[in-house]
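Here's upload.tsv, which has TSV, C-alpha atoms:
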```tsv
chain	number	residue	atom	x	y	z
A	846	MET	CA	-88.05	-68.50	51.79
A	847	ASN	CA	-87.88	-65.83	54.54
A	848	HIS	CA	-85.14	-65.38	57.16
A	849	LEU	CA	-87.18	-67.00	59.96
A	850	SER	CA	-87.75	-70.12	57.87
A	851	LEU	CA	-84.02	-70.48	57.30
A	852	LEU	CA	-83.37	-70.18	61.02
A	853	LEU	CA	-85.84	-72.94	61.79
A	854	LEU	CA	-84.55	-75.26	59.09
A	855	VAL	CA	-81.16	-75.28	60.78
A	856	ALA	CA	-82.72	-77.69	63.24
A	857	SER	CA	-83.67	-80.30	60.65
A	858	GLY	CA	-83.56	-81.10	56.96
A	859	SER	CA	-87.18	-82.28	56.91
A	860	ALA	CA	-90.55	-80.70	57.59
A	861	LEU	CA	-90.87	-79.21	61.04
A	862	LYS	CA	-93.76	-78.96	63.46
A	863	VAL	CA	-93.47	-75.39	64.75
A	864	LEU	CA	-95.45	-73.92	67.64
A	865	VAL	CA	-95.98	-70.18	67.28
A	866	THR	CA	-96.98	-68.67	70.61
A	867	GLY	CA	-98.78	-65.36	70.54
A	868	ALA	CA	-100.13	-66.29	67.12
A	869	GLY	CA	-103.13	-64.01	67.64
A	870	GLY	CA	-100.95	-60.89	67.66
A	871	ARG	CA	-99.85	-58.93	64.61
A	872	THR	CA	-96.34	-60.37	64.52
A	873	GLY	CA	-97.30	-63.90	65.55
A	874	LYS	CA	-100.05	-64.02	62.95
A	875	LEU	CA	-97.59	-63.12	60.19
A	876	VAL	CA	-95.11	-65.73	61.39
A	877	PHE	CA	-97.85	-68.37	61.33
A	878	GLN	CA	-98.99	-67.33	57.84
A	879	GLN	CA	-95.49	-67.44	56.38
A	880	LEU	CA	-94.74	-70.84	57.87
A	881	LYS	CA	-98.06	-72.20	56.63
A	882	GLU	CA	-97.24	-71.09	53.09
A	883	SER	CA	-94.23	-73.43	53.05
A	884	ALA	CA	-94.55	-77.20	52.67
A	885	SER	CA	-91.47	-77.50	54.90
A	886	PHE	CA	-93.45	-76.57	58.01
A	887	ALA	CA	-96.51	-77.69	59.93
A	888	PRO	CA	-97.25	-74.66	62.13
A	889	VAL	CA	-99.50	-74.68	65.17
A	890	GLY	CA	-100.68	-71.34	66.56
A	891	LEU	CA	-101.12	-70.84	70.29
A	892	VAL	CA	-103.58	-68.07	71.20
A	893	ARG	CA	-105.31	-66.98	74.39
A	894	SER	CA	-108.77	-65.71	73.43
A	895	LYS	CA	-111.75	-66.78	71.35
A	896	LYS	CA	-111.31	-63.60	69.33
A	897	ALA	CA	-107.74	-64.60	68.47
A	898	VAL	CA	-108.90	-68.07	67.41
A	899	LYS	CA	-111.37	-66.54	64.95
A	900	ALA	CA	-108.78	-64.09	63.64
A	901	LEU	CA	-106.22	-66.83	63.02
A	902	ARG	CA	-108.79	-68.92	61.17
A	903	LYS	CA	-109.71	-65.97	58.98
A	904	VAL	CA	-106.34	-64.34	58.32
A	905	GLY	CA	-103.97	-67.23	58.84
A	906	GLY	CA	-106.14	-69.82	57.16
A	907	ALA	CA	-105.76	-72.16	60.13
A	908	ASP	CA	-108.04	-75.10	60.85
A	909	ASP	CA	-108.94	-76.46	64.29
A	910	ALA	CA	-106.01	-78.88	64.34
A	911	GLU	CA	-103.59	-75.97	63.85
A	912	ILE	CA	-104.82	-73.85	66.75
A	913	VAL	CA	-104.28	-74.32	70.47
A	914	ARG	CA	-106.08	-72.02	72.91
A	915	ALA	CA	-104.08	-71.63	76.09
A	916	ASP	CA	-102.50	-69.11	78.44
A	917	VAL	CA	-98.70	-68.86	78.52
A	918	THR	CA	-98.84	-68.77	82.31
A	919	ASP	CA	-100.36	-72.29	82.32
A	920	GLY	CA	-97.43	-74.70	82.42
A	921	ALA	CA	-99.54	-77.81	81.87
A	922	ALA	CA	-101.21	-76.33	78.79
A	923	LEU	CA	-97.83	-75.30	77.37
A	924	ALA	CA	-96.43	-78.80	77.93
A	925	ALA	CA	-99.34	-80.30	76.01
A	926	ALA	CA	-99.02	-77.77	73.18
A	927	MET	CA	-95.29	-78.39	72.74
A	928	ALA	CA	-95.46	-82.17	72.73
A	929	GLY	CA	-93.96	-83.40	69.44
A	930	CYS	CA	-92.83	-79.95	68.29
A	931	ASP	CA	-89.48	-79.49	66.59
A	932	SER	CA	-89.29	-75.74	67.09
A	933	VAL	CA	-90.98	-72.92	68.97
A	934	VAL	CA	-91.30	-69.28	67.92
A	935	LEU	CA	-92.14	-67.08	70.89
A	936	CYS	CA	-94.14	-64.03	69.80
A	937	THR	CA	-95.94	-63.35	73.06
A	938	SER	CA	-95.82	-59.93	74.67
A	939	ALA	CA	-97.73	-57.93	77.25
A	940	VAL	CA	-100.03	-55.46	75.50
A	941	PRO	CA	-100.73	-52.09	77.17
A	942	GLN	CA	-104.15	-50.47	77.12
A	943	ILE	CA	-104.33	-46.70	76.77
A	944	LEU	CA	-106.34	-44.78	79.37
A	945	PRO	CA	-108.87	-42.64	77.44
A	946	PHE	CA	-108.96	-39.87	80.08
A	947	SER	CA	-105.21	-39.40	79.74
A	948	ILE	CA	-105.61	-38.62	76.03
A	949	ALA	CA	-108.14	-35.89	76.84
A	950	LYS	CA	-105.78	-34.50	79.47
A	951	VAL	CA	-102.87	-34.31	77.02
A	952	LEU	CA	-105.04	-32.68	74.34
A	953	PHE	CA	-106.35	-30.12	76.83
A	954	LYS	CA	-102.81	-29.14	77.84
A	955	LYS	CA	-101.71	-28.94	74.21
A	956	VAL	CA	-104.70	-27.22	72.59
A	957	VAL	CA	-106.24	-25.13	75.37
A	958	LEU	CA	-103.29	-24.39	77.64
A	959	ARG	CA	-100.85	-24.46	74.69
A	960	ARG	CA	-98.11	-26.06	76.71
A	961	ALA	CA	-94.93	-26.92	74.86
A	962	GLU	CA	-94.65	-30.21	76.80
A	963	PRO	CA	-98.20	-31.53	77.30
A	964	GLY	CA	-96.93	-34.91	78.49
A	965	ARG	CA	-97.82	-38.37	77.23
A	966	PRO	CA	-100.96	-40.51	77.48
A	967	LYS	CA	-100.96	-43.10	80.26
A	968	PHE	CA	-101.34	-46.85	79.87
A	969	LYS	CA	-102.19	-49.86	81.99
A	970	PHE	CA	-101.87	-53.61	81.61
A	971	ALA	CA	-104.79	-55.96	82.17
A	972	ARG	CA	-104.80	-58.16	85.24
A	973	GLY	CA	-102.76	-61.25	84.49
A	974	GLY	CA	-101.21	-59.55	81.47
A	975	THR	CA	-98.41	-57.43	82.95
A	976	PRO	CA	-94.86	-57.54	81.55
A	977	GLU	CA	-93.67	-59.46	84.59
A	978	GLU	CA	-96.38	-62.09	84.12
A	979	VAL	CA	-96.21	-62.40	80.32
A	980	ASP	CA	-92.71	-61.36	79.27
A	981	TRP	CA	-90.85	-62.94	82.16
A	982	LEU	CA	-92.90	-65.67	83.88
A	983	GLY	CA	-94.80	-66.64	80.72
A	984	ALA	CA	-91.62	-66.73	78.65
A	985	LYS	CA	-89.84	-68.73	81.34
A	986	LEU	CA	-92.63	-71.31	81.34
A	987	GLN	CA	-92.42	-71.55	77.55
A	988	ILE	CA	-88.68	-72.14	77.71
A	989	ASP	CA	-89.09	-74.79	80.43
A	990	ALA	CA	-91.84	-76.55	78.48
A	991	ALA	CA	-89.79	-76.49	75.27
A	992	LYS	CA	-86.79	-78.01	77.02
A	993	ALA	CA	-88.92	-80.73	78.61
A	994	ALA	CA	-90.51	-81.51	75.22
A	995	GLY	CA	-87.14	-81.89	73.50
A	996	VAL	CA	-87.65	-78.93	71.18
A	997	LYS	CA	-84.67	-78.58	68.84
A	998	ARG	CA	-84.68	-74.81	68.34
A	999	PHE	CA	-86.29	-71.94	70.24
A	1000	VAL	CA	-86.74	-68.61	68.44
A	1001	PHE	CA	-87.42	-65.66	70.75
A	1002	VAL	CA	-88.92	-62.60	69.04
A	1003	SER	CA	-88.08	-59.95	71.61
A	1004	SER	CA	-87.41	-56.22	71.22
A	1005	MET	CA	-84.66	-53.65	70.92
A	1006	GLY	CA	-83.97	-51.51	73.98
A	1007	GLY	CA	-83.30	-54.22	76.54
A	1008	THR	CA	-79.94	-52.66	77.42
A	1009	GLN	CA	-81.59	-49.33	78.29
A	1010	PRO	CA	-83.33	-49.26	81.70
A	1011	ASP	CA	-84.50	-45.69	80.97
A	1012	ASN	CA	-86.05	-46.56	77.60
A	1013	PHE	CA	-89.51	-44.99	77.23
A	1014	LEU	CA	-91.15	-48.38	76.73
A	1015	ASN	CA	-90.20	-49.34	80.29
A	1016	SER	CA	-92.29	-46.44	81.62
A	1017	ILE	CA	-95.51	-47.72	80.02
A	1018	GLY	CA	-97.90	-48.97	82.67
A	1019	LYS	CA	-95.58	-48.01	85.53
A	1020	SER	CA	-97.15	-46.63	88.69
A	1021	ASP	CA	-96.44	-42.96	89.47
A	1022	GLU	CA	-96.84	-43.71	93.16
A	1023	ASP	CA	-94.38	-46.51	93.83
A	1024	GLY	CA	-92.73	-47.18	90.46
A	1025	SER	CA	-94.14	-50.70	90.24
A	1026	GLY	CA	-95.28	-52.28	86.98
A	1027	GLY	CA	-94.01	-51.62	83.49
A	1028	ASP	CA	-90.36	-52.40	82.65
A	1029	ILE	CA	-91.39	-54.53	79.68
A	1030	LEU	CA	-87.96	-54.46	78.04
A	1031	LEU	CA	-86.20	-55.40	81.27
A	1032	TRP	CA	-88.49	-58.40	81.81
A	1033	LYS	CA	-87.91	-59.49	78.21
A	1034	ARG	CA	-84.17	-59.20	78.76
A	1035	LYS	CA	-84.41	-61.35	81.88
A	1036	ALA	CA	-86.23	-64.02	79.90
A	1037	GLU	CA	-83.56	-63.85	77.18
A	1038	ARG	CA	-80.85	-64.53	79.75
A	1039	TYR	CA	-82.85	-67.48	81.04
A	1040	LEU	CA	-83.10	-68.88	77.51
A	1041	ILE	CA	-79.36	-68.46	76.96
A	1042	SER	CA	-78.62	-70.47	80.11
A	1043	SER	CA	-81.28	-73.11	79.40
A	1044	GLY	CA	-79.18	-75.34	77.17
A	1045	LEU	CA	-81.65	-75.06	74.28
A	1046	GLU	CA	-80.52	-74.21	70.78
A	1047	TYR	CA	-81.85	-70.69	70.38
A	1048	THR	CA	-82.10	-67.58	68.23
A	1049	ILE	CA	-83.02	-64.21	69.77
A	1050	ILE	CA	-84.32	-61.48	67.47
A	1051	HIS	CA	-84.51	-57.82	68.51
A	1052	PRO	CA	-86.72	-56.06	65.93
A	1053	GLY	CA	-87.02	-52.33	66.42
A	1054	GLY	CA	-89.64	-49.88	65.25
A	1055	LEU	CA	-91.96	-52.48	63.76
A	1056	VAL	CA	-94.23	-51.00	61.09
A	1057	ASP	CA	-97.01	-52.55	59.06
A	1058	LYS	CA	-95.35	-52.16	55.66
A	1059	PRO	CA	-94.69	-54.66	52.82
A	1060	ALA	CA	-91.76	-57.01	53.26
A	1061	GLY	CA	-88.68	-56.92	51.06
A	1062	ALA	CA	-88.96	-53.22	50.19
A	1063	ARG	CA	-86.13	-52.01	52.43
A	1064	GLU	CA	-82.59	-53.04	53.17
A	1065	LEU	CA	-82.40	-55.04	56.39
A	1066	THR	CA	-79.81	-53.65	58.80
A	1067	VAL	CA	-78.61	-55.82	61.67
A	1068	GLY	CA	-76.53	-55.20	64.77
A	1069	VAL	CA	-76.05	-56.29	68.39
A	1070	ASP	CA	-76.40	-54.81	71.88
A	1071	ASP	CA	-78.84	-52.10	70.74
A	1072	GLU	CA	-76.20	-50.33	68.67
A	1073	LEU	CA	-78.87	-49.62	66.04
A	1074	LEU	CA	-80.75	-47.41	68.51
A	1075	GLY	CA	-78.17	-44.75	67.75
A	1076	GLN	CA	-79.35	-44.51	64.15
A	1077	ALA	CA	-81.85	-41.87	63.07
A	1078	PHE	CA	-83.88	-44.41	61.08
A	1079	ARG	CA	-84.46	-47.84	62.62
A	1080	GLN	CA	-87.84	-49.07	61.45
A	1081	VAL	CA	-88.37	-52.54	60.03
A	1082	PRO	CA	-91.47	-53.99	58.32
A	1083	ARG	CA	-93.31	-56.45	60.55
A	1084	ALA	CA	-93.72	-58.81	57.58
```

What would the structure in this file look like if it were written as structure tokens?
Amino acid sequence: MNHLSLLLLVASGSALKVLVTGAGGRTGKLVFQQLKESASFAPVGLVRSKKAVKALRKVGGADDAEIVRADVTDGAALAAAMAGCDSVVLCTSAVPQILPFSIAKVLFKKVVLRRAEPGRPKFKFARGGTPEEVDWLGAKLQIDAAKAAGVKRFVFVSSMGGTQPDNFLNSIGKSDEDGSGGDILLWKRKAERYLISSGLEYTIIHPGGLVDKPAGARELTVGVDDELLGQAFRQVPRA
């Protein structure tokens, strides 16, 4: 039994109905799969797109009754999805899209101009999918819906770096003109604080340097308040 399963079982000694939000993403999909492999859980995956529905059916082995298609900014849809759930695992996150022209610009500076510091590619977030909308407002709605539904435990899969306003991840998708947008770690941190004050039983996980490697092959190191960011090696297998 994995660590997440043990966290969820704290809420009850019997089988649990667990809603996994963001189940179409790489992390959420793995969470759904691992819960489905245990007879102790009855997972339901919440996804936003038709593509994610198909992927969860194929990779996660989910049937129609185990998939809910909804947007995390839709409070009514979240309330319906969480009805009767014992636990919720939040795996939602804003996903940046790289701007192709910016890659060409960086390569030109590096290869042709041979600049030592060619810069970084630029990113954007889709309309309705910014960190503020997904990682703050969407997370807040999930927490509110879970509390209203009487959920016993809320697991928030967040990210390391929330204590660092100048972390590189906060610059992704940020406007060069007025500094708006981006700040994904800060919005996640705000949602974490909201969860802490919600009155729900909760667990907040800050994985750092997620890599698509086999589980159980490395020693798991844990810490608090981003102290692990000071280590030279801080990757952890997504599985």

Identify the residues within 9 Å of coordinate (-90.3, -52.7, 83.3) (same frame as the file), considering only C-alpha atoms, and give the answer as a PyMOL selection string.
chain A and resi 976-977+1010+1014-1019+1025-1033

Determine, counting all atoms listed in the file, which protein, DNA and RNA residues have an atom within 10 Å of an atom of region 959-966 of chain A; residues of the same chain fewer than 5 positions away are not included. Present the result as a ChimeraX atom specification.
/A:943-954,1017

Please produce a file of the residues just selected, as a compact mmCIF listing (two decimals), in the coordinates of the input, where the atoms kept are C-alpha atoms.
```txt
# COMPACT_ATOMS: atom_id res chain seq x y z
CA ILE A 943 -104.33 -46.70 76.77
CA LEU A 944 -106.34 -44.78 79.37
CA PRO A 945 -108.87 -42.64 77.44
CA PHE A 946 -108.96 -39.87 80.08
CA SER A 947 -105.21 -39.40 79.74
CA ILE A 948 -105.61 -38.62 76.03
CA ALA A 949 -108.14 -35.89 76.84
CA LYS A 950 -105.78 -34.50 79.47
CA VAL A 951 -102.87 -34.31 77.02
CA LEU A 952 -105.04 -32.68 74.34
CA PHE A 953 -106.35 -30.12 76.83
CA LYS A 954 -102.81 -29.14 77.84
CA ILE A 1017 -95.51 -47.72 80.02
```

If you take only C-alpha atoms and a cut-off of 12 Å, which residues of region 963-1020 of chain A touch region 872-876 of chain A, and what are their nearest atom pairs and distances in Å to one decimal, in chain and number order, as a Markdown table?
```
| residue | atom | partner | partner_atom | distance |
| --- | --- | --- | --- | --- |
| A:Val1000 | CA | A:Val876 | CA | 11.3 |
| A:Phe1001 | CA | A:Gly873 | CA | 11.3 |
| A:Val1002 | CA | A:Thr872 | CA | 9.0 |
| A:Ser1003 | CA | A:Thr872 | CA | 10.9 |
| A:Ser1004 | CA | A:Thr872 | CA | 11.9 |
```

Selected residues written out, C-alpha atoms, as a compact mmCIF listing (two decimals), keeping the file's coordinate frame:
```txt
# COMPACT_ATOMS: atom_id res chain seq x y z
CA VAL A 1000 -86.74 -68.61 68.44
CA PHE A 1001 -87.42 -65.66 70.75
CA VAL A 1002 -88.92 -62.60 69.04
CA SER A 1003 -88.08 -59.95 71.61
CA SER A 1004 -87.41 -56.22 71.22
```

What lies within 9 Å of Gly1053 (chain A) using only C-alpha atoms, ignoring chain neighbours under 3 positions off, as a PyMOL selection string?
chain A and resi 1004-1006+1073-1074+1079-1081

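If you look at CA of Ser883 (chain A) and CA of Leu923 (chain A), they are 24.7 Å away from each other.
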
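One finds CA of Val956 (chain A) at 27.5 Å from CA of Glu1022 (chain A).
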
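With CA of Gly1044 (chain A) on one side and CA of Val1067 (chain A) on the other, the separation reads 24.9 Å.
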
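Among the candidate residues A:Lys862, A:Lys903, A:Lys1058, A:Arg1034, the one lying nearest to Ala926 (chain A) is A:Lys862, with distances computed using only C-alpha atoms.
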
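With all atoms listed in the file as the basis for measurement, A:Arg1083 is the residue among A:Arg1083, A:Arg893, A:Arg914, A:Arg998 that approaches Gly1061 (chain A) most closely.
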
Of A:Asp916, A:Ile988, A:Ala868, A:Gln1009, the one sitting nearest Gly1075 (chain A) when using only C-alpha atoms is A:Gln1009

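Nearest to Thr1048 (chain A) of all the residues A:Lys985, A:Lys967, A:Arg1063, A:Lys997 is A:Lys997, counting all atoms listed in the file.
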
Can you tell me, as an MDAnalysis selection string, what residues are no more than 12 Å from Val904 (chain A) when counting only C-alpha atoms, ignoring any on the same chain fewer than 2 positions away?
chainID A and resid 868:871 873:879 881 897:902 906:908

Between A:Leu891, A:Val1056, A:Ala1036, A:Cys930, single out the one closest to Gly867 (chain A), counting all atoms listed in the file.
A:Leu891

Selection near Asp989 (chain A), 12 Å with only C-alpha atoms, sequence-local residues under 3 positions removed, as a VMD selection string:
chain A and resid 917 to 921 923 to 924 927 933 982 to 986 992 to 996 999 1036 1039 to 1040 1042 to 1045

Determine the axis-aligned bounding box of all atoms of region 898-905 of chain A present in the file, pad each side by 6 Å, and express its centre and edge lengths in Å to one decimal place as AutoDock Vina command-line options.
```
--center_x -107.7 --center_y -66.5 --center_z 62.9 --size_x 19.4 --size_y 16.8 --size_z 21.1
```
